[in-house]
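Novice: data10.pdb is reproduced below (PDB, N, CA and C atoms).
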ATOM      1  N   MET A 647      38.870   4.031  -1.170  1.00  0.00           N
ATOM      2  CA  MET A 647      37.594   3.648  -0.587  1.00  0.00           C
ATOM      3  C   MET A 647      36.836   2.808  -1.609  1.00  0.00           C
ATOM      4  N   ASP A 648      36.718   1.536  -1.346  1.00  0.00           N
ATOM      5  CA  ASP A 648      36.070   0.605  -2.269  1.00  0.00           C
ATOM      6  C   ASP A 648      34.627   0.393  -1.837  1.00  0.00           C
ATOM      7  N   ALA A 649      33.674   0.866  -2.655  1.00  0.00           N
ATOM      8  CA  ALA A 649      32.253   0.774  -2.302  1.00  0.00           C
ATOM      9  C   ALA A 649      31.749  -0.657  -2.375  1.00  0.00           C
ATOM     10  N   GLY A 650      32.325  -1.464  -3.260  1.00  0.00           N
ATOM     11  CA  GLY A 650      31.862  -2.829  -3.432  1.00  0.00           C
ATOM     12  C   GLY A 650      32.485  -3.798  -2.468  1.00  0.00           C
ATOM     13  N   GLY A 651      33.525  -3.390  -1.790  1.00  0.00           N
ATOM     14  CA  GLY A 651      34.174  -4.292  -0.852  1.00  0.00           C
ATOM     15  C   GLY A 651      34.863  -5.438  -1.559  1.00  0.00           C
ATOM     16  N   GLY A 652      35.219  -5.272  -2.799  1.00  0.00           N
ATOM     17  CA  GLY A 652      35.876  -6.335  -3.539  1.00  0.00           C
ATOM     18  C   GLY A 652      34.903  -7.338  -4.150  1.00  0.00           C
ATOM     19  N   ASN A 653      33.623  -7.145  -3.949  1.00  0.00           N
ATOM     20  CA  ASN A 653      32.617  -8.068  -4.468  1.00  0.00           C
ATOM     21  C   ASN A 653      31.921  -7.407  -5.660  1.00  0.00           C
ATOM     22  N   PRO A 654      32.113  -7.952  -6.871  1.00  0.00           N
ATOM     23  CA  PRO A 654      31.478  -7.324  -8.041  1.00  0.00           C
ATOM     24  C   PRO A 654      29.946  -7.435  -8.027  1.00  0.00           C
ATOM     25  N   PHE A 655      29.420  -8.416  -7.328  1.00  0.00           N
ATOM     26  CA  PHE A 655      27.960  -8.576  -7.280  1.00  0.00           C
ATOM     27  C   PHE A 655      27.307  -7.482  -6.442  1.00  0.00           C
ATOM     28  N   ALA A 656      28.013  -6.954  -5.468  1.00  0.00           N
ATOM     29  CA  ALA A 656      27.474  -5.856  -4.661  1.00  0.00           C
ATOM     30  C   ALA A 656      27.308  -4.610  -5.523  1.00  0.00           C
ATOM     31  N   VAL A 657      28.284  -4.350  -6.380  1.00  0.00           N
ATOM     32  CA  VAL A 657      28.188  -3.196  -7.272  1.00  0.00           C
ATOM     33  C   VAL A 657      27.060  -3.406  -8.279  1.00  0.00           C
ATOM     34  N   LEU A 658      26.978  -4.608  -8.826  1.00  0.00           N
ATOM     35  CA  LEU A 658      25.922  -4.923  -9.786  1.00  0.00           C
ATOM     36  C   LEU A 658      24.543  -4.781  -9.144  1.00  0.00           C
ATOM     37  N   THR A 659      24.406  -5.238  -7.919  1.00  0.00           N
ATOM     38  CA  THR A 659      23.132  -5.117  -7.211  1.00  0.00           C
ATOM     39  C   THR A 659      22.765  -3.660  -6.987  1.00  0.00           C
ATOM     40  N   ALA A 660      23.745  -2.853  -6.626  1.00  0.00           N
ATOM     41  CA  ALA A 660      23.485  -1.434  -6.382  1.00  0.00           C
ATOM     42  C   ALA A 660      23.065  -0.704  -7.655  1.00  0.00           C
ATOM     43  N   VAL A 661      23.513  -1.188  -8.800  1.00  0.00           N
ATOM     44  CA  VAL A 661      23.169  -0.545 -10.066  1.00  0.00           C
ATOM     45  C   VAL A 661      21.809  -1.030 -10.577  1.00  0.00           C
ATOM     46  N   VAL A 662      21.528  -2.312 -10.424  1.00  0.00           N
ATOM     47  CA  VAL A 662      20.336  -2.915 -11.021  1.00  0.00           C
ATOM     48  C   VAL A 662      19.092  -2.754 -10.144  1.00  0.00           C
ATOM     49  N   ALA A 663      19.237  -2.735  -8.833  1.00  0.00           N
ATOM     50  CA  ALA A 663      18.079  -2.693  -7.931  1.00  0.00           C
ATOM     51  C   ALA A 663      17.163  -1.495  -8.185  1.00  0.00           C
ATOM     52  N   PRO A 664      17.670  -0.277  -8.342  1.00  0.00           N
ATOM     53  CA  PRO A 664      16.738   0.835  -8.612  1.00  0.00           C
ATOM     54  C   PRO A 664      15.970   0.679  -9.922  1.00  0.00           C
ATOM     55  N   ALA A 665      16.598   0.106 -10.920  1.00  0.00           N
ATOM     56  CA  ALA A 665      15.908  -0.098 -12.196  1.00  0.00           C
ATOM     57  C   ALA A 665      14.766  -1.104 -12.037  1.00  0.00           C
ATOM     58  N   ILE A 666      15.010  -2.151 -11.282  1.00  0.00           N
ATOM     59  CA  ILE A 666      13.968  -3.166 -11.067  1.00  0.00           C
ATOM     60  C   ILE A 666      12.816  -2.576 -10.257  1.00  0.00           C
ATOM     61  N   LEU A 667      13.123  -1.812  -9.227  1.00  0.00           N
ATOM     62  CA  LEU A 667      12.066  -1.206  -8.420  1.00  0.00           C
ATOM     63  C   LEU A 667      11.258  -0.190  -9.226  1.00  0.00           C
ATOM     64  N   THR A 668      11.915   0.574 -10.057  1.00  0.00           N
ATOM     65  CA  THR A 668      11.211   1.540 -10.909  1.00  0.00           C
ATOM     66  C   THR A 668      10.291   0.817 -11.883  1.00  0.00           C
ATOM     67  N   ASN A 669      10.764  -0.275 -12.464  1.00  0.00           N
ATOM     68  CA  ASN A 669       9.957  -1.056 -13.392  1.00  0.00           C
ATOM     69  C   ASN A 669       8.739  -1.642 -12.686  1.00  0.00           C
ATOM     70  N   ALA A 670       8.930  -2.153 -11.472  1.00  0.00           N
ATOM     71  CA  ALA A 670       7.811  -2.739 -10.736  1.00  0.00           C
ATOM     72  C   ALA A 670       6.761  -1.685 -10.417  1.00  0.00           C
ATOM     73  N   CYS A 671       7.196  -0.503 -10.012  1.00  0.00           N
ATOM     74  CA  CYS A 671       6.241   0.575  -9.716  1.00  0.00           C
ATOM     75  C   CYS A 671       5.481   0.996 -10.975  1.00  0.00           C
ATOM     76  N   SER A 672       6.165   1.027 -12.095  1.00  0.00           N
ATOM     77  CA  SER A 672       5.513   1.396 -13.352  1.00  0.00           C
ATOM     78  C   SER A 672       4.451   0.376 -13.743  1.00  0.00           C
ATOM     79  N   VAL A 673       4.757  -0.899 -13.554  1.00  0.00           N
ATOM     80  CA  VAL A 673       3.788  -1.955 -13.884  1.00  0.00           C
ATOM     81  C   VAL A 673       2.561  -1.847 -12.990  1.00  0.00           C
ATOM     82  N   LEU A 674       2.766  -1.593 -11.696  1.00  0.00           N
ATOM     83  CA  LEU A 674       1.627  -1.448 -10.788  1.00  0.00           C
ATOM     84  C   LEU A 674       0.780  -0.229 -11.147  1.00  0.00           C
ATOM     85  N   ALA A 675       1.428   0.876 -11.473  1.00  0.00           N
ATOM     86  CA  ALA A 675       0.686   2.081 -11.856  1.00  0.00           C
ATOM     87  C   ALA A 675      -0.100   1.865 -13.147  1.00  0.00           C
ATOM     88  N   LEU A 676       0.484   1.162 -14.097  1.00  0.00           N
ATOM     89  CA  LEU A 676      -0.197   0.889 -15.353  1.00  0.00           C
ATOM     90  C   LEU A 676      -1.414  -0.001 -15.140  1.00  0.00           C
ATOM     91  N   GLY A 677      -1.273  -1.010 -14.299  1.00  0.00           N
ATOM     92  CA  GLY A 677      -2.406  -1.882 -13.999  1.00  0.00           C
ATOM     93  C   GLY A 677      -3.545  -1.133 -13.333  1.00  0.00           C
ATOM     94  N   THR A 678      -3.204  -0.246 -12.400  1.00  0.00           N
ATOM     95  CA  THR A 678      -4.221   0.555 -11.732  1.00  0.00           C
ATOM     96  C   THR A 678      -4.911   1.497 -12.712  1.00  0.00           C
ATOM     97  N   SER A 679      -4.133   2.079 -13.599  1.00  0.00           N
ATOM     98  CA  SER A 679      -4.694   2.982 -14.605  1.00  0.00           C
ATOM     99  C   SER A 679      -5.651   2.234 -15.531  1.00  0.00           C
ATOM    100  N   ASN A 680      -5.287   1.033 -15.929  1.00  0.00           N
ATOM    101  CA  ASN A 680      -6.166   0.245 -16.805  1.00  0.00           C
ATOM    102  C   ASN A 680      -7.471  -0.108 -16.107  1.00  0.00           C
ATOM    103  N   ARG A 681      -7.407  -0.453 -14.844  1.00  0.00           N
ATOM    104  CA  ARG A 681      -8.634  -0.781 -14.113  1.00  0.00           C
ATOM    105  C   ARG A 681      -9.539   0.445 -13.979  1.00  0.00           C
ATOM    106  N   LEU A 682      -8.939   1.588 -13.698  1.00  0.00           N
ATOM    107  CA  LEU A 682      -9.720   2.809 -13.596  1.00  0.00           C
ATOM    108  C   LEU A 682     -10.375   3.149 -14.930  1.00  0.00           C
ATOM    109  N   ALA A 683      -9.651   2.949 -16.019  1.00  0.00           N
ATOM    110  CA  ALA A 683     -10.215   3.210 -17.349  1.00  0.00           C
ATOM    111  C   ALA A 683     -11.392   2.281 -17.637  1.00  0.00           C
ATOM    112  N   ARG A 684     -11.304   1.022 -17.204  1.00  0.00           N
ATOM    113  CA  ARG A 684     -12.424   0.093 -17.395  1.00  0.00           C
ATOM    114  C   ARG A 684     -13.641   0.536 -16.606  1.00  0.00           C
ATOM    115  N   VAL A 685     -13.436   1.029 -15.380  1.00  0.00           N
ATOM    116  CA  VAL A 685     -14.551   1.509 -14.564  1.00  0.00           C
ATOM    117  C   VAL A 685     -15.212   2.708 -15.228  1.00  0.00           C
ATOM    118  N   VAL A 686     -14.419   3.628 -15.738  1.00  0.00           N
ATOM    119  CA  VAL A 686     -14.961   4.814 -16.406  1.00  0.00           C
ATOM    120  C   VAL A 686     -15.743   4.408 -17.653  1.00  0.00           C
ATOM    121  N   ASP A 687     -15.195   3.490 -18.439  1.00  0.00           N
ATOM    122  CA  ASP A 687     -15.899   3.025 -19.639  1.00  0.00           C
ATOM    123  C   ASP A 687     -17.226   2.371 -19.277  1.00  0.00           C
ATOM    124  N   ARG A 688     -17.229   1.530 -18.252  1.00  0.00           N
ATOM    125  CA  ARG A 688     -18.457   0.853 -17.848  1.00  0.00           C
ATOM    126  C   ARG A 688     -19.482   1.867 -17.336  1.00  0.00           C
ATOM    127  N   THR A 689     -19.018   2.875 -16.600  1.00  0.00           N
ATOM    128  CA  THR A 689     -19.924   3.911 -16.096  1.00  0.00           C
ATOM    129  C   THR A 689     -20.561   4.675 -17.244  1.00  0.00           C
ATOM    130  N   ARG A 690     -19.787   4.964 -18.265  1.00  0.00           N
ATOM    131  CA  ARG A 690     -20.338   5.673 -19.433  1.00  0.00           C
ATOM    132  C   ARG A 690     -21.374   4.824 -20.157  1.00  0.00           C
ATOM    133  N   VAL A 691     -21.119   3.531 -20.268  1.00  0.00           N
ATOM    134  CA  VAL A 691     -22.079   2.640 -20.934  1.00  0.00           C
ATOM    135  C   VAL A 691     -23.382   2.593 -20.143  1.00  0.00           C
ATOM    136  N   VAL A 692     -23.275   2.435 -18.829  1.00  0.00           N
ATOM    137  CA  VAL A 692     -24.481   2.365 -17.998  1.00  0.00           C
ATOM    138  C   VAL A 692     -25.241   3.688 -18.055  1.00  0.00           C
ATOM    139  N   ALA A 693     -24.538   4.803 -18.011  1.00  0.00           N
ATOM    140  CA  ALA A 693     -25.202   6.106 -18.095  1.00  0.00           C
ATOM    141  C   ALA A 693     -25.897   6.282 -19.440  1.00  0.00           C
ATOM    142  N   ARG A 694     -25.269   5.818 -20.512  1.00  0.00           N
ATOM    143  CA  ARG A 694     -25.875   5.909 -21.839  1.00  0.00           C
ATOM    144  C   ARG A 694     -27.129   5.033 -21.916  1.00  0.00           C
ATOM    145  N   GLU A 695     -27.074   3.825 -21.307  1.00  0.00           N
ATOM    146  CA  GLU A 695     -28.245   2.946 -21.323  1.00  0.00           C
ATOM    147  C   GLU A 695     -29.398   3.563 -20.540  1.00  0.00           C
ATOM    148  N   LEU A 696     -29.077   4.158 -19.389  1.00  0.00           N
ATOM    149  CA  LEU A 696     -30.137   4.778 -18.590  1.00  0.00           C
ATOM    150  C   LEU A 696     -30.730   5.998 -19.282  1.00  0.00           C
ATOM    151  N   ALA A 697     -29.906   6.759 -19.969  1.00  0.00           N
ATOM    152  CA  ALA A 697     -30.403   7.943 -20.676  1.00  0.00           C
ATOM    153  C   ALA A 697     -31.279   7.553 -21.857  1.00  0.00           C
ATOM    154  N   ALA A 698     -31.013   6.393 -22.447  1.00  0.00           N
ATOM    155  CA  ALA A 698     -31.786   5.954 -23.603  1.00  0.00           C
ATOM    156  C   ALA A 698     -33.196   5.513 -23.207  1.00  0.00           C
ATOM    157  N   LEU A 699     -33.359   5.104 -21.964  1.00  0.00           N
ATOM    158  CA  LEU A 699     -34.681   4.676 -21.515  1.00  0.00           C
ATOM    159  C   LEU A 699     -35.553   5.901 -21.283  1.00  0.00           C
ATOM    160  N   GLU A 700     -36.791   5.774 -21.621  1.00  0.00           N
ATOM    161  CA  GLU A 700     -37.682   6.905 -21.392  1.00  0.00           C
ATOM    162  C   GLU A 700     -38.024   6.993 -19.908  1.00  0.00           C
ATOM    163  N   SER A 701     -38.174   8.192 -19.419  1.00  0.00           N
ATOM    164  CA  SER A 701     -38.490   8.386 -18.006  1.00  0.00           C
ATOM    165  C   SER A 701     -39.894   7.895 -17.719  1.00  0.00           C
ATOM    166  N   GLY A 702     -40.014   7.152 -16.636  1.00  0.00           N
ATOM    167  CA  GLY A 702     -41.319   6.629 -16.231  1.00  0.00           C
ATOM    168  C   GLY A 702     -41.693   5.406 -17.052  1.00  0.00           C
ATOM    169  N   GLY A 703     -42.774   4.762 -16.654  1.00  0.00           N
ATOM    170  CA  GLY A 703     -43.254   3.603 -17.389  1.00  0.00           C
ATOM    171  C   GLY A 703     -42.541   2.326 -16.980  1.00  0.00           C
ATOM    172  N   SER A 704     -43.078   1.227 -17.437  1.00  0.00           N
ATOM    173  CA  SER A 704     -42.522  -0.068 -17.055  1.00  0.00           C
ATOM    174  C   SER A 704     -41.204  -0.354 -17.772  1.00  0.00           C
ATOM    175  N   ALA A 705     -41.028   0.195 -18.976  1.00  0.00           N
ATOM    176  CA  ALA A 705     -39.775  -0.034 -19.698  1.00  0.00           C
ATOM    177  C   ALA A 705     -38.602   0.594 -18.939  1.00  0.00           C
ATOM    178  N   HIS A 706     -38.856   1.753 -18.326  1.00  0.00           N
ATOM    179  CA  HIS A 706     -37.823   2.429 -17.552  1.00  0.00           C
ATOM    180  C   HIS A 706     -37.435   1.589 -16.339  1.00  0.00           C
ATOM    181  N   ALA A 707     -38.423   1.092 -15.605  1.00  0.00           N
ATOM    182  CA  ALA A 707     -38.160   0.287 -14.409  1.00  0.00           C
ATOM    183  C   ALA A 707     -37.444  -1.005 -14.776  1.00  0.00           C
ATOM    184  N   GLN A 708     -37.883  -1.662 -15.846  1.00  0.00           N
ATOM    185  CA  GLN A 708     -37.237  -2.904 -16.267  1.00  0.00           C
ATOM    186  C   GLN A 708     -35.810  -2.642 -16.731  1.00  0.00           C
ATOM    187  N   GLY A 709     -35.585  -1.534 -17.389  1.00  0.00           N
ATOM    188  CA  GLY A 709     -34.244  -1.195 -17.843  1.00  0.00           C
ATOM    189  C   GLY A 709     -33.293  -0.951 -16.686  1.00  0.00           C
ATOM    190  N   ILE A 710     -33.772  -0.252 -15.661  1.00  0.00           N
ATOM    191  CA  ILE A 710     -32.940  -0.002 -14.486  1.00  0.00           C
ATOM    192  C   ILE A 710     -32.628  -1.315 -13.790  1.00  0.00           C
ATOM    193  N   MET A 711     -33.602  -2.188 -13.668  1.00  0.00           N
ATOM    194  CA  MET A 711     -33.354  -3.483 -13.029  1.00  0.00           C
ATOM    195  C   MET A 711     -32.360  -4.304 -13.842  1.00  0.00           C
ATOM    196  N   GLY A 712     -32.457  -4.245 -15.168  1.00  0.00           N
ATOM    197  CA  GLY A 712     -31.522  -4.992 -16.018  1.00  0.00           C
ATOM    198  C   GLY A 712     -30.099  -4.491 -15.873  1.00  0.00           C
ATOM    199  N   VAL A 713     -29.918  -3.172 -15.797  1.00  0.00           N
ATOM    200  CA  VAL A 713     -28.587  -2.608 -15.610  1.00  0.00           C
ATOM    201  C   VAL A 713     -28.029  -3.042 -14.263  1.00  0.00           C
ATOM    202  N   GLY A 714     -28.868  -3.012 -13.231  1.00  0.00           N
ATOM    203  CA  GLY A 714     -28.419  -3.431 -11.901  1.00  0.00           C
ATOM    204  C   GLY A 714     -28.025  -4.889 -11.864  1.00  0.00           C
ATOM    205  N   ARG A 715     -28.798  -5.740 -12.521  1.00  0.00           N
ATOM    206  CA  ARG A 715     -28.465  -7.174 -12.549  1.00  0.00           C
ATOM    207  C   ARG A 715     -27.147  -7.427 -13.261  1.00  0.00           C
ATOM    208  N   ARG A 716     -26.919  -6.720 -14.392  1.00  0.00           N
ATOM    209  CA  ARG A 716     -25.667  -6.912 -15.115  1.00  0.00           C
ATOM    210  C   ARG A 716     -24.483  -6.461 -14.272  1.00  0.00           C
ATOM    211  N   SER A 717     -24.645  -5.375 -13.548  1.00  0.00           N
ATOM    212  CA  SER A 717     -23.565  -4.876 -12.707  1.00  0.00           C
ATOM    213  C   SER A 717     -23.270  -5.853 -11.585  1.00  0.00           C
ATOM    214  N   LEU A 718     -24.324  -6.375 -10.947  1.00  0.00           N
ATOM    215  CA  LEU A 718     -24.113  -7.331  -9.862  1.00  0.00           C
ATOM    216  C   LEU A 718     -23.530  -8.634 -10.376  1.00  0.00           C
ATOM    217  N   ARG A 719     -23.962  -9.074 -11.550  1.00  0.00           N
ATOM    218  CA  ARG A 719     -23.426 -10.308 -12.117  1.00  0.00           C
ATOM    219  C   ARG A 719     -21.926 -10.162 -12.355  1.00  0.00           C
ATOM    220  N   GLY A 720     -21.507  -9.015 -12.832  1.00  0.00           N
ATOM    221  CA  GLY A 720     -20.075  -8.771 -13.024  1.00  0.00           C
ATOM    222  C   GLY A 720     -19.324  -8.837 -11.719  1.00  0.00           C
ATOM    223  N   CYS A 721     -19.924  -8.330 -10.640  1.00  0.00           N
ATOM    224  CA  CYS A 721     -19.273  -8.364  -9.330  1.00  0.00           C
ATOM    225  C   CYS A 721     -19.168  -9.779  -8.807  1.00  0.00           C
ATOM    226  N   ARG A 722     -20.216 -10.555  -8.982  1.00  0.00           N
ATOM    227  CA  ARG A 722     -20.188 -11.922  -8.467  1.00  0.00           C
ATOM    228  C   ARG A 722     -19.191 -12.782  -9.239  1.00  0.00           C
ATOM    229  N   CYS A 723     -19.000 -12.480 -10.519  1.00  0.00           N
ATOM    230  CA  CYS A 723     -18.056 -13.250 -11.310  1.00  0.00           C
ATOM    231  C   CYS A 723     -16.616 -12.814 -11.059  1.00  0.00           C
ATOM    232  N   GLY A 724     -16.430 -11.731 -10.329  1.00  0.00           N
ATOM    233  CA  GLY A 724     -15.082 -11.264 -10.040  1.00  0.00           C
ATOM    234  C   GLY A 724     -14.553 -10.280 -11.062  1.00  0.00           C
ATOM    235  N   ARG A 725     -15.405  -9.848 -11.983  1.00  0.00           N
ATOM    236  CA  ARG A 725     -14.966  -8.878 -12.998  1.00  0.00           C
ATOM    237  C   ARG A 725     -15.389  -7.491 -12.574  1.00  0.00           C
ATOM    238  N   GLY A 726     -14.470  -6.581 -12.582  1.00  0.00           N
ATOM    239  CA  GLY A 726     -14.783  -5.188 -12.403  1.00  0.00           C
ATOM    240  C   GLY A 726     -15.028  -4.717 -10.990  1.00  0.00           C
ATOM    241  N   CYS A 727     -14.903  -5.565 -10.001  1.00  0.00           N
ATOM    242  CA  CYS A 727     -15.138  -5.129  -8.624  1.00  0.00           C
ATOM    243  C   CYS A 727     -13.844  -5.021  -7.842  1.00  0.00           C
ATOM    244  N   TRP A 728     -12.783  -5.460  -8.357  1.00  0.00           N
ATOM    245  CA  TRP A 728     -11.537  -5.447  -7.571  1.00  0.00           C
ATOM    246  C   TRP A 728     -10.689  -4.328  -8.009  1.00  0.00           C
TER
END
Translate this structure into structure tokens?
Specialist:
Amino acid sequence: MDAGGGNPFAVLTAVVAPAILTNACSVLALGTSNRLARVVDRTRVVARELAALESGGSAHAQGIMGVGRRSLRGCRCGRGCW
């Protein structure tokens, strides 16, 4: 019973295809993990900036608006929203 049917490329394809698919899945998972890590880092920075502002007063309101503008600017530029 010849699995390759006499064609060496069929055997080679059967051996190499799972390795290529595994590699592709690993690359996609790594990219997703990196994006999630960037979101977490950005969230920590924004939370730290908001905590540093004193509650109430005009400095607090201006600080919140500044954080919101920076976040929206990143979205409009295509960074961090996809």
Novice: Please report the interatomic distance between atom C of Asn680 (chain A) and CA of Ala693 (chain A) in Å with one decimal.
Specialist: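 That distance, rounded to one decimal, is 18.9 Å.
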Novice: What is the atom N of Asn669 (chain A) to atom C of Val657 (chain A) distance in Å?
Specialist: 17.1 Å
Novice: To one decimal place in Å, what is the distance between atom N of Gly677 (chain A) and CA of Val691 (chain A)?
Specialist: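 Spanning atom N of Gly677 (chain A) to CA of Val691 (chain A) is a straight-line distance of 22.1 Å.
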